[in-house]
Amino acid sequence: MSKARVLSAGGAIPVLLGPAWAHARAFYDFQAPVTPIARDILFIHDLFLVIITALFLIGTGTLLYSVYAHRYRRNGIPATFTGPVGRKQWFWASFPFAVLLVLDYGVLGIPALHSILALANTSGSAMTVKVTGHQWNWQYEYPAYGIGFTSTLSTPQDQIADEAPKDKHFLLEVDHPLVLPTHEKIRIILASADVIHAFWVPAFGIKQDAVPGYLRQTWVEIDKPGTYRGQCAELCGVGHAFMPIVVRAVDQVAFNQWLSREQAVAAAQRAASGIAYTRGQLVTAGRKVFDAYCAACHQPNGLGLAGAFPPIAGGHPFAAAAPMIAALRARGFYRAGDIVVGPIANHIRIVLHGIPGTPMPSFASQLSAADIAAVITYERNDFGNHTGETVEPSQVLAIKTGH
Ligand code: HEC
Ligand SMILES: [Cu+2]
């Protein structure tokens, strides 16, 4: 336990309350800090808490004492002076002001300044990770190692819909966590692809906005292996609660093993772009991509959301559902036409580049050509869209690279 924790105003309470205290702490206290920044911040917090508690007690105590000691019945003549008179009164009138100055700018100000400067000092870092916020997931890149991936929520839909019991890490579980080595200074560069998000991992003491058009930076040096969880801390749209952050901190050896595995996967993915798949393979892979990247807006059933997100369930040939589609159109939310059953090139372009000026994001940097081919094949062969067409990764690459 650190000096600061012992110092804390609550120091005597555990003795009095025992287990109830332990329970309350697990709920209300901060997560155990695992980086120098987090420890610094917690130290300042505890120091502030002790000082403001003392000030509060002295101030309130003086007030209550004065109300009691100088009450009307005891001394009914109110003082008539309006300000300090004489040296002694001036001294006592300015004393609290001087004390506050020293506390604010010295006792509290110096450690606070120290941690603000430390937070921004990314010099001497051993590696850099780029974190990009998207509506609604986080993308992680390791520029020096040529790898990168997107990390999406993996809590099952039925738990979200309240149709299954929620597990311990409800809405705090992802398919692909950020993996970082321990005992190494890591620079984190933050960017956003659309709106403002905030990268917040409490155990690291980091809560930094990811602002479109800017690169911002911070750093971590994790001293304990483990799994650390955080969330987006800036309201960024309807999926805001569904873009958690999971960081797995491992020792250097395990990190290197993970790196070579990821590099192998990345190489295989690049190679896969040239492979021809069967429609069945693409549909199966595409369903997973759709659930992870598209269902938040276009909904798991492909029907979209009134007024906001168009349905993926297309027009012809779709006799059974035609009245439903007509009803959707009448309410004005199937705007862009029958993209999903129209020319394949348009469909690919929309998924690659998004629809500017609308929430439809660009997936060119987030998904591999194989993933995009899969999700498009899936959209064209499910939700009642029986086009029977297959879109291969090479078609996506051709449009992406402009050939
Ligand atoms: C952030 C919300 C969002 C996500 C995530 C999203 N879309 Fe969209 N999508 C939209 C919106 C909004 C439109 C309609 C834009 C407009 O025309 O106003 C759209 C339109 C489309 C269209 C054109 C539909 C038509 O016929 O008009 C296709 C195709 C499409 N999205 C596919 C996808 C695929 C594939 C994914 C996942 C890889 C995806 N979208 C993820 C919001 C989203
Ligand atoms: Cu967000």
# chains A, B, ... in the order shown; residues from 1 in each chain; ligands from 1
$ closest_atom_pairs --of "segment 16-85 of chain A" --to "segment 103-117 of chain A" --cutoff "7 Å" --atoms "only C-alpha atoms" --output "CSV"
residue,atom,partner,partner_atom,distance
A:Ile37,CA,A:Ser115,CA,6.8
A:Asp40,CA,A:Ser115,CA,6.2
A:Ile41,CA,A:Ser115,CA,6.9
A:Ile44,CA,A:Pro111,CA,6.6
A:Phe48,CA,A:Leu108,CA,6.8
$ residues_around --residues "Tyr140 of chain A" --least-positions-apart "2" --cutoff "12 Å" --atoms "only C-alpha atoms" --output "JSON, numbers by chain"
{"A": [128, 129, 130, 131, 132, 133, 134, 137, 138, 142, 143, 145, 146, 147, 148, 149, 150, 151, 152, 176, 177, 178, 179, 180, 188, 189, 190, 191, 192, 199, 245, 246, 247, 365, 366]}
$ residues_near_ligand --ligand "ligand 2" --cutoff "9 Å" --atoms "only C-alpha atoms and all ligand atoms" --output "list in words"
Gly133, His134, Gln135, Trp136, Asn137, Trp138, Val195, Ile196, His197, Ala198, Phe199, Ala210, Gln231, Cys232, Ala233, Glu234, Leu235, Cys236, Gly237, Gly239, His240, Ala241, Phe242, Met243 and Pro244 of chain A
$ select_by_dssp --residues "segment 11-77 of chain A" --states "helix (DSSP H, G or I)" --output "count of residues only"
51
$ closest_residue --among "A:Ala268, A:Val250, A:Tyr228, A:Asp194" --to "ligand 1" --atoms "only C-alpha atoms and all ligand atoms"
A:Asp194
